[in-house]
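K.L.:
Supplied structure: entry-v4.cif, mmCIF, C-alpha atoms.
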data_structure
loop_
_atom_site.group_PDB
_atom_site.id
_atom_site.type_symbol
_atom_site.label_atom_id
_atom_site.label_comp_id
_atom_site.auth_asym_id
_atom_site.auth_seq_id
_atom_site.Cartn_x
_atom_site.Cartn_y
_atom_site.Cartn_z
ATOM 1 C CA MET A 1 -21.351 0.495 9.772
ATOM 2 C CA ASN A 2 -20.381 3.754 8.128
ATOM 3 C CA LEU A 3 -18.313 4.175 4.978
ATOM 4 C CA LYS A 4 -15.065 4.618 6.883
ATOM 5 C CA GLU A 5 -15.638 1.391 8.805
ATOM 6 C CA SER A 6 -16.672 -0.425 5.622
ATOM 7 C CA PHE A 7 -13.411 0.534 3.875
ATOM 8 C CA ARG A 8 -11.465 -0.773 6.852
ATOM 9 C CA TYR A 9 -13.488 -4.004 6.875
ATOM 10 C CA ALA A 10 -12.936 -4.452 3.125
ATOM 11 C CA SER A 11 -9.180 -4.136 3.673
ATOM 12 C CA TYR A 12 -9.404 -6.643 6.538
ATOM 13 C CA LEU A 13 -11.257 -9.183 4.358
ATOM 14 C CA GLU A 14 -8.640 -8.829 1.640
ATOM 15 C CA THR A 15 -5.859 -9.371 4.186
ATOM 16 C CA ILE A 16 -7.293 -12.560 5.692
ATOM 17 C CA ALA A 17 -8.139 -13.892 2.227
ATOM 18 C CA SER A 18 -4.554 -13.300 1.157
ATOM 19 C CA THR A 19 -3.255 -15.105 4.256
ATOM 20 C CA ALA A 20 -5.570 -18.082 3.690
ATOM 21 C CA SER A 21 -4.664 -18.264 0.017
ATOM 22 C CA GLU A 22 -0.928 -18.188 0.780
ATOM 23 C CA ASN A 23 -1.390 -21.088 3.220
ATOM 24 C CA LEU A 24 -2.693 -23.205 0.341
ATOM 25 C CA ARG A 25 0.787 -22.940 -1.191
ATOM 26 C CA ILE A 26 2.453 -24.677 1.771
ATOM 27 C CA ARG A 27 3.428 -28.167 0.608
ATOM 28 C CA ASP A 28 3.231 -29.799 4.029
ATOM 29 C CA HIS A 29 -0.346 -28.530 4.402
ATOM 30 C CA ALA A 30 -1.368 -29.993 1.055
ATOM 31 C CA LEU A 31 0.277 -33.411 1.382
ATOM 32 C CA THR A 32 0.411 -36.043 4.099
ATOM 33 C CA THR A 33 3.749 -37.838 4.286
ATOM 34 C CA THR A 34 3.913 -41.432 5.503
ATOM 35 C CA LYS A 35 7.156 -43.260 6.176
ATOM 36 C CA ILE A 36 7.113 -47.050 6.155
ATOM 37 C CA HIS A 37 10.113 -48.572 7.919
ATOM 38 C CA ARG A 38 10.690 -51.888 6.096
ATOM 39 C CA LYS A 39 12.638 -53.544 8.878
ATOM 40 C CA SER A 40 11.390 -57.052 8.027
ATOM 41 C CA ALA A 41 13.181 -56.906 4.697
ATOM 42 C CA VAL A 42 16.516 -57.208 6.473
ATOM 43 C CA ASP A 43 15.448 -58.636 9.836
ATOM 44 C CA PRO A 44 12.813 -61.426 9.753
ATOM 45 C CA ASP A 45 12.172 -60.946 13.474
ATOM 46 C CA ALA A 46 11.451 -57.227 13.138
ATOM 47 C CA LYS A 47 8.092 -55.693 12.366
ATOM 48 C CA ASP A 48 7.523 -52.964 9.818
ATOM 49 C CA ILE A 49 6.546 -49.607 11.296
ATOM 50 C CA THR A 50 4.329 -47.022 9.623
ATOM 51 C CA GLU A 51 5.006 -43.448 10.652
ATOM 52 C CA THR A 52 2.951 -40.397 9.679
ATOM 53 C CA VAL A 53 5.058 -37.248 9.656
ATOM 54 C CA ASP A 54 3.724 -34.626 12.064
ATOM 55 C CA ASN A 55 3.437 -31.309 10.216
ATOM 56 C CA GLY A 56 2.097 -29.463 13.244
ATOM 57 C CA ASP A 57 -1.271 -27.819 13.785
ATOM 58 C CA PHE A 58 -2.863 -25.997 10.871
ATOM 59 C CA VAL A 59 -6.285 -25.448 9.380
ATOM 60 C CA PRO A 60 -7.010 -28.210 6.820
ATOM 61 C CA ASN A 61 -6.964 -26.956 3.246
ATOM 62 C CA ASN A 62 -10.538 -28.107 2.608
ATOM 63 C CA ASP A 63 -11.671 -25.807 5.414
ATOM 64 C CA LEU A 64 -9.470 -22.996 4.120
ATOM 65 C CA ILE A 65 -10.979 -23.248 0.638
ATOM 66 C CA ARG A 66 -14.495 -23.059 2.069
ATOM 67 C CA PHE A 67 -13.383 -20.124 4.223
ATOM 68 C CA LEU A 68 -11.967 -18.380 1.159
ATOM 69 C CA GLN A 69 -15.196 -18.874 -0.762
ATOM 70 C CA PHE A 70 -17.092 -17.317 2.125
ATOM 71 C CA VAL A 71 -14.717 -14.351 2.448
ATOM 72 C CA ILE A 72 -14.824 -13.656 -1.307
ATOM 73 C CA THR A 73 -18.626 -13.686 -1.221
ATOM 74 C CA GLU A 74 -18.538 -11.440 1.841
ATOM 75 C CA ARG A 75 -16.204 -8.990 0.083
ATOM 76 C CA ASP A 76 -18.435 -8.949 -2.993
ATOM 77 C CA LYS A 77 -21.549 -8.183 -0.933
ATOM 78 C CA LEU A 78 -19.681 -5.480 0.961
ATOM 79 C CA GLY A 79 -18.438 -3.897 -2.265
ATOM 80 C CA LYS A 80 -21.967 -3.701 -3.648
ATOM 81 C CA ALA A 81 -23.240 -2.233 -0.369
ATOM 82 C CA ILE A 82 -20.451 0.376 -0.449
ATOM 83 C CA THR A 83 -21.328 1.295 -4.045
ATOM 84 C CA ALA A 84 -25.008 1.688 -3.124
ATOM 85 C CA ALA A 85 -24.108 3.854 -0.124
ATOM 86 C CA LYS A 86 -21.830 6.064 -2.241
ATOM 87 C CA ASN A 87 -24.530 6.494 -4.872
ATOM 88 C CA ASN A 88 -27.008 7.652 -2.241
ATOM 89 C CA CYS A 89 -24.789 9.973 -0.192
ATOM 90 C CA GLY A 90 -25.164 12.975 -2.493
ATOM 91 C CA PHE A 91 -21.403 13.395 -2.833
ATOM 92 C CA ASP A 92 -19.047 11.875 -5.393
ATOM 93 C CA ILE A 93 -16.469 10.676 -2.892
ATOM 94 C CA ASP A 94 -14.306 8.750 -5.373
ATOM 95 C CA ASN A 95 -13.932 11.766 -7.629
ATOM 96 C CA ALA A 96 -13.308 14.042 -4.649
ATOM 97 C CA VAL A 97 -10.527 11.779 -3.380
ATOM 98 C CA ALA A 98 -8.915 11.491 -6.825
ATOM 99 C CA VAL A 99 -9.031 15.237 -7.533
ATOM 100 C CA ASN A 100 -7.817 16.071 -4.037
ATOM 101 C CA LYS A 101 -4.844 13.781 -4.514
ATOM 102 C CA MET A 102 -3.957 15.644 -7.727
ATOM 103 C CA ARG A 103 -4.450 18.993 -6.007
ATOM 104 C CA GLN A 104 -2.162 18.031 -3.106
ATOM 105 C CA GLY A 105 0.504 16.737 -5.486
ATOM 106 C CA VAL A 106 0.552 19.963 -7.490
ATOM 107 C CA ALA A 107 0.643 22.090 -4.324
ATOM 108 C CA ALA A 108 3.584 20.061 -3.006
ATOM 109 C CA ASN A 109 5.511 20.592 -6.239
ATOM 110 C CA ILE A 110 4.779 24.327 -6.272
ATOM 111 C CA LYS A 111 6.063 24.478 -2.696
ATOM 112 C CA ARG A 112 9.236 22.754 -3.831
ATOM 113 C CA MET A 113 9.583 25.198 -6.738
ATOM 114 C CA LEU A 114 9.170 28.156 -4.368
ATOM 115 C CA SER A 115 12.068 26.850 -2.274
ATOM 116 C CA PHE A 116 14.464 27.577 -5.153
ATOM 117 C CA LYS A 117 15.953 31.028 -4.549
ATOM 118 C CA ALA A 118 17.511 33.460 -6.988
ATOM 119 C CA SER A 119 21.181 34.022 -6.307
ATOM 120 C CA LYS A 120 24.413 35.588 -7.487
ATOM 121 C CA THR A 121 27.619 33.621 -6.943
ATOM 122 C CA LYS A 122 31.134 33.347 -8.289
ATOM 123 C CA GLU A 123 32.973 30.257 -9.403
ATOM 124 C CA PRO A 124 36.601 29.916 -10.483
ATOM 125 C CA CYS A 125 37.515 29.100 -14.036
ATOM 126 C CA LEU A 126 40.774 28.467 -15.878
ATOM 127 C CA GLY A 127 41.786 30.312 -19.048
ATOM 128 C CA TYR A 128 44.815 30.082 -21.345
ATOM 129 C CA ARG A 129 46.893 32.625 -23.235
ATOM 130 C CA PHE A 130 50.265 32.942 -24.940
ATOM 131 C CA ASN A 131 52.972 35.027 -23.266
ATOM 132 C CA VAL A 132 55.508 37.225 -25.065
ATOM 133 C CA ALA A 133 57.777 34.215 -25.527
ATOM 134 C CA GLY A 134 54.987 32.368 -27.354
ATOM 135 C CA ASP A 135 54.416 29.864 -24.544
ATOM 136 C CA GLN A 136 50.878 28.928 -23.494
ATOM 137 C CA THR A 137 50.174 29.826 -19.876
ATOM 138 C CA SER A 138 47.109 29.460 -17.732
ATOM 139 C CA TYR A 139 45.370 32.024 -15.632
ATOM 140 C CA ARG A 140 42.430 31.971 -13.255
ATOM 141 C CA TYR A 141 39.409 34.214 -13.389
ATOM 142 C CA ASP A 142 35.977 34.445 -11.786
ATOM 143 C CA VAL A 143 32.711 33.515 -13.474
ATOM 144 C CA GLU A 144 29.728 35.384 -12.118
ATOM 145 C CA VAL A 145 26.726 33.051 -11.965
ATOM 146 C CA VAL A 146 23.352 34.748 -11.758
ATOM 147 C CA THR A 147 20.156 32.746 -11.247
ATOM 148 C CA GLU A 148 16.765 34.433 -11.437
ATOM 149 C CA ASP A 149 13.156 33.322 -11.130
ATOM 150 C CA ASN A 150 11.775 31.950 -14.365
ATOM 151 C CA PHE A 151 8.214 31.977 -13.022
ATOM 152 C CA ASP A 152 5.768 34.317 -11.308
ATOM 153 C CA ARG A 153 6.600 33.703 -7.646
ATOM 154 C CA LYS A 154 3.721 35.711 -6.207
ATOM 155 C CA ALA A 155 1.094 34.157 -8.482
ATOM 156 C CA SER A 156 2.465 30.666 -7.870
ATOM 157 C CA LYS A 157 2.291 31.099 -4.104
ATOM 158 C CA THR A 158 -1.290 32.334 -4.427
ATOM 159 C CA VAL A 159 -2.228 29.264 -6.464
ATOM 160 C CA MET A 160 -0.515 26.930 -3.958
ATOM 161 C CA THR A 161 -2.305 28.529 -1.009
ATOM 162 C CA ALA A 162 -5.672 28.304 -2.756
ATOM 163 C CA MET A 163 -5.092 24.659 -3.640
ATOM 164 C CA LEU A 164 -4.143 23.764 -0.067
ATOM 165 C CA GLU A 165 -7.185 25.554 1.332
ATOM 166 C CA GLU A 166 -9.479 23.813 -1.155
ATOM 167 C CA SER A 167 -7.788 20.514 -0.381
ATOM 168 C CA ASP A 168 -8.365 20.986 3.351
ATOM 169 C CA ALA A 169 -12.021 21.848 2.779
ATOM 170 C CA THR A 170 -12.515 18.833 0.509
ATOM 171 C CA SER A 171 -10.757 16.538 2.995
ATOM 172 C CA ALA A 172 -13.076 17.759 5.752
ATOM 173 C CA GLU A 173 -16.105 17.061 3.557
ATOM 174 C CA ILE A 174 -14.768 13.604 2.670
ATOM 175 C CA ASP A 175 -14.249 12.836 6.359
ATOM 176 C CA ARG A 176 -17.784 14.005 7.144
ATOM 177 C CA VAL A 177 -19.301 11.799 4.430
ATOM 178 C CA LEU A 178 -17.210 8.801 5.503
ATOM 179 C CA VAL A 179 -18.565 8.837 9.050
ATOM 180 C CA THR A 180 -22.156 9.895 8.335
ATOM 181 C CA THR A 181 -22.975 7.626 5.383
ATOM 182 C CA ASN A 182 -24.444 4.304 6.423
ATOM 183 C CA VAL A 183 -23.528 1.090 4.609
ATOM 184 C CA ASP A 184 -26.238 -1.573 4.696
ATOM 185 C CA PHE A 185 -24.013 -4.483 5.654
ATOM 186 C CA MET A 186 -23.550 -6.646 8.734
ATOM 187 C CA PRO A 187 -19.971 -7.929 9.169
ATOM 188 C CA HIS A 188 -19.349 -11.496 10.308
ATOM 189 C CA PHE A 189 -15.918 -10.740 11.765
ATOM 190 C CA SER A 190 -14.235 -7.962 13.691
ATOM 191 C CA VAL A 191 -11.362 -6.091 12.068
ATOM 192 C CA ASN A 192 -9.486 -6.729 15.322
ATOM 193 C CA ASP A 193 -9.762 -10.519 14.918
ATOM 194 C CA SER A 194 -6.598 -12.348 13.988
ATOM 195 C CA PHE A 195 -6.576 -14.657 10.975
ATOM 196 C CA ASP A 196 -6.926 -17.670 13.280
ATOM 197 C CA ASP A 197 -9.819 -15.988 15.101
ATOM 198 C CA ALA A 198 -11.631 -15.370 11.817
ATOM 199 C CA VAL A 199 -11.206 -18.955 10.601
ATOM 200 C CA GLU A 200 -12.332 -20.322 13.961
ATOM 201 C CA ALA A 201 -15.406 -18.070 13.942
ATOM 202 C CA TYR A 202 -16.250 -19.191 10.406
ATOM 203 C CA LEU A 203 -15.946 -22.888 11.243
ATOM 204 C CA LYS A 204 -18.393 -22.384 14.114
ATOM 205 C CA MET A 205 -21.055 -20.836 11.863
#
Now that the file is in, can you turn its structure into structure tokens?

P.N.:
Amino acid sequence: MNLKESFRYASYLETIASTASENLRIRDHALTTTKIHRKSAVDPDAKDITETVDNGDFVPNNDLIRFLQFVITERDKLGKAITAAKNNCGFDIDNAVAVNKMRQGVAANIKRMLSFKASKTKEPCLGYRFNVAGDQTSYRYDVEVVTEDNFDRKASKTVMTAMLEESDATSAEIDRVLVTTNVDFMPHFSVNDSFDDAVEAYLKM
């Protein structure tokens, strides 16, 4: 499998492990409930009846725990194989992804900043004065509101464009490395298997 497939398989293992682990928290899967009908206590001619409550079909917890141990070991082996593959691919993919994420975030914020436009508008305002009789009266007047760029628009756009171009180039290189770098690992399941399929396959090993 290549790096891209190994990342997907790692995510799959984490998902089925989480599902199995959550099933351990289900009370009816952990305990067997038996009801004993003590009919003879009130009717000497009646027989007591023992009833086991049917909790439906589910994978026994002992099997789930063994399955979880296997999946955790599988994920550990895969992680080490991924690390070895990354170290030998001649490209620091983790750093490239992290820096590219920063680059894309900054470019997105510059784009947002560039969307703010300088403008000149008017807004009404209320003033007060005293008339000849000495009474306070109000009057309306216009306030001219002028907004102007507080940054170098041309330089900022140049930086944004350069960042996006570098981001695209880095993304292409990351994609190339993901599909061309081999990971020395043989999966036991298919990422398309359901949780039940994976458990069933494990129990048949």

K.L.:
Please enumerate the residues selected by the PyMOL selection byres ((chain A and resi 63-71) around 7) when evaluated against the supplied file, formatted as a ChimeraX atom specification.

P.N.:
/A:13,17,20,59-62,72-75,199,202

K.L.:
Could you expand the PyMOL selection byres ((chain A and resi 167) around 9) into the explicit residues it covers here, written as an mmCIF file with C-alpha atoms, keeping the file's coordinate frame?

P.N.:
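Now in selection-v3.cif:
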data_model
loop_
_atom_site.group_PDB
_atom_site.id
_atom_site.type_symbol
_atom_site.label_atom_id
_atom_site.label_comp_id
_atom_site.auth_asym_id
_atom_site.auth_seq_id
_atom_site.Cartn_x
_atom_site.Cartn_y
_atom_site.Cartn_z
ATOM 1 C CA VAL A 99 -9.031 15.237 -7.533
ATOM 2 C CA ASN A 100 -7.817 16.071 -4.037
ATOM 3 C CA LYS A 101 -4.844 13.781 -4.514
ATOM 4 C CA ARG A 103 -4.450 18.993 -6.007
ATOM 5 C CA GLN A 104 -2.162 18.031 -3.106
ATOM 6 C CA ALA A 162 -5.672 28.304 -2.756
ATOM 7 C CA MET A 163 -5.092 24.659 -3.640
ATOM 8 C CA LEU A 164 -4.143 23.764 -0.067
ATOM 9 C CA GLU A 165 -7.185 25.554 1.332
ATOM 10 C CA GLU A 166 -9.479 23.813 -1.155
ATOM 11 C CA ASP A 168 -8.365 20.986 3.351
ATOM 12 C CA ALA A 169 -12.021 21.848 2.779
ATOM 13 C CA THR A 170 -12.515 18.833 0.509
ATOM 14 C CA SER A 171 -10.757 16.538 2.995
ATOM 15 C CA ALA A 172 -13.076 17.759 5.752
#

K.L.:
Could you give me the centre and size, in Å to one decimal, of an axis-aligned box around all listed atoms of region 94-107 of chain A with 3 Å added on every side, as JSON?

P.N.:
{"center_x": -6.8, "center_y": 15.4, "center_z": -5.4, "size_x": 20.9, "size_y": 19.3, "size_z": 10.6}

K.L.:
For Asp94 (chain A), which residue out of A:Asp76, A:Leu178, A:Val132, A:Ala10 is the nearest one, using all atoms listed in the file?

P.N.:
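Smallest separation from Asp94 (chain A) among the options: A:Leu178.
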
K.L.:
Set the distance at 9 Å and use all atoms listed in the file: which residues neighbour region 47-53 of chain A once local chain neighbours fewer than 3 positions away are removed? I'd like the list as an NGL selection string.

P.N.:
:A and (32-41 or 43-44)

K.L.:
Give me, as a ChimeraX atom specification, all polymer residues having an atom no more than 9 Å from Phe185 (chain A), counting only C-alpha atoms and skipping those fewer than 2 positions away in the same chain.

P.N.:
/A:1,6,77-78,81-82,182-183,187

K.L.:
Got time to write the residues from that selection, C-alpha atoms, as a compact mmCIF listing (two decimals), in the coordinates of the input?

P.N.:
# COMPACT_ATOMS: atom_id res chain seq x y z
CA MET A 1 -21.35 0.50 9.77
CA SER A 6 -16.67 -0.42 5.62
CA LYS A 77 -21.55 -8.18 -0.93
CA LEU A 78 -19.68 -5.48 0.96
CA ALA A 81 -23.24 -2.23 -0.37
CA ILE A 82 -20.45 0.38 -0.45
CA ASN A 182 -24.44 4.30 6.42
CA VAL A 183 -23.53 1.09 4.61
CA PRO A 187 -19.97 -7.93 9.17

K.L.:
If you measure from CA of Val159 (chain A) to CA of Phe116 (chain A), what distance in Å do you get, rounded to one decimal?

P.N.:
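CA of Phe116 (chain A) lies at a distance of 16.8 Å from CA of Val159 (chain A).
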
K.L.:
Quote the spacing between CA of Asn192 (chain A) and CA of Glu14 (chain A) in Å to one decimal place.

P.N.:
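These atoms are spaced 13.9 Å apart.
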
K.L.:
At what distance in Å, to one decimal, does CA of Lys86 (chain A) lie from CA of Met186 (chain A)?

P.N.:
16.9 Å

K.L.:
Translate the PyMOL selection byres ((chain A and resi 28-30) around 8), as applied to the file shown, into an explicit residue set as a list in words.

P.N.:
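Taken over the shown coordinates, the PyMOL selection byres ((chain A and resi 28-30) around 8) returns Asn23, Leu24, Arg25, Ile26, Arg27, Leu31, Thr32, Asn55, Phe58, Pro60 and Asn61 of chain A.
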
K.L.:
Neighbourhood query: residues within 6 Å of (41.1, 33.0, -15.7), file coordinates, counting all atoms listed in the file; return as a compact mmCIF listing (two decimals) with C-alpha atoms, in the coordinates of the input.

P.N.:
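Printed below is point-v3.txt as written:
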# COMPACT_ATOMS: atom_id res chain seq x y z
CA CYS A 125 37.52 29.10 -14.04
CA LEU A 126 40.77 28.47 -15.88
CA GLY A 127 41.79 30.31 -19.05
CA TYR A 139 45.37 32.02 -15.63
CA ARG A 140 42.43 31.97 -13.26
CA TYR A 141 39.41 34.21 -13.39

K.L.:
Just checking: using all atoms listed in the file, which residue out of A:Met160, A:Ala201, A:Phe130, A:Val191 ends up closest to Phe7 (chain A)?

P.N.:
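Using all atoms listed in the file, the shortest distance to Phe7 (chain A) belongs to A:Val191.
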
K.L.:
Give me, as a list in words, all polymer residues having an atom no more than 12 Å from Phe91 (chain A), counting all atoms listed in the file and skipping those fewer than 6 positions away in the same chain.

P.N.:
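After dropping sequence-adjacent residues, the list is Ala85, Val97, Thr170, Glu173, Ile174, Asp175, Arg176, Val177, Leu178, Thr180 and Thr181 of chain A.
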
K.L.:
Name the residues in contact with Asp142 (chain A) at a cut-off of 7 Å, using all atoms listed in the file, excluding same-chain residues fewer than 2 positions from it; report them as a VMD selection string.

P.N.:
chain A and resid 122 to 125 144

K.L.:
Which residue gives the smallest distance to Ser156 (chain A) among A:Asn109, A:Thr137, A:Ser190, A:Asn131, with all atoms listed in the file counted?

P.N.:
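Smallest separation from Ser156 (chain A) among the options: A:Asn109.
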
K.L.:
Restricting the calculation to all atoms listed in the file: of A:Asn87, A:Thr161, A:Thr121, A:Thr15, which residue gets closest to Val143 (chain A)?

P.N.:
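Ranking A:Asn87, A:Thr161, A:Thr121, A:Thr15 by distance to Val143 (chain A), first place goes to A:Thr121.
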
K.L.:
Taking all atoms listed in the file into account, name the residue in A:Lys204, A:Val179, A:His188, A:Asp193 that is nearest to Cys89 (chain A).

P.N.:
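Result for the nearest residue to Cys89 (chain A): A:Val179.
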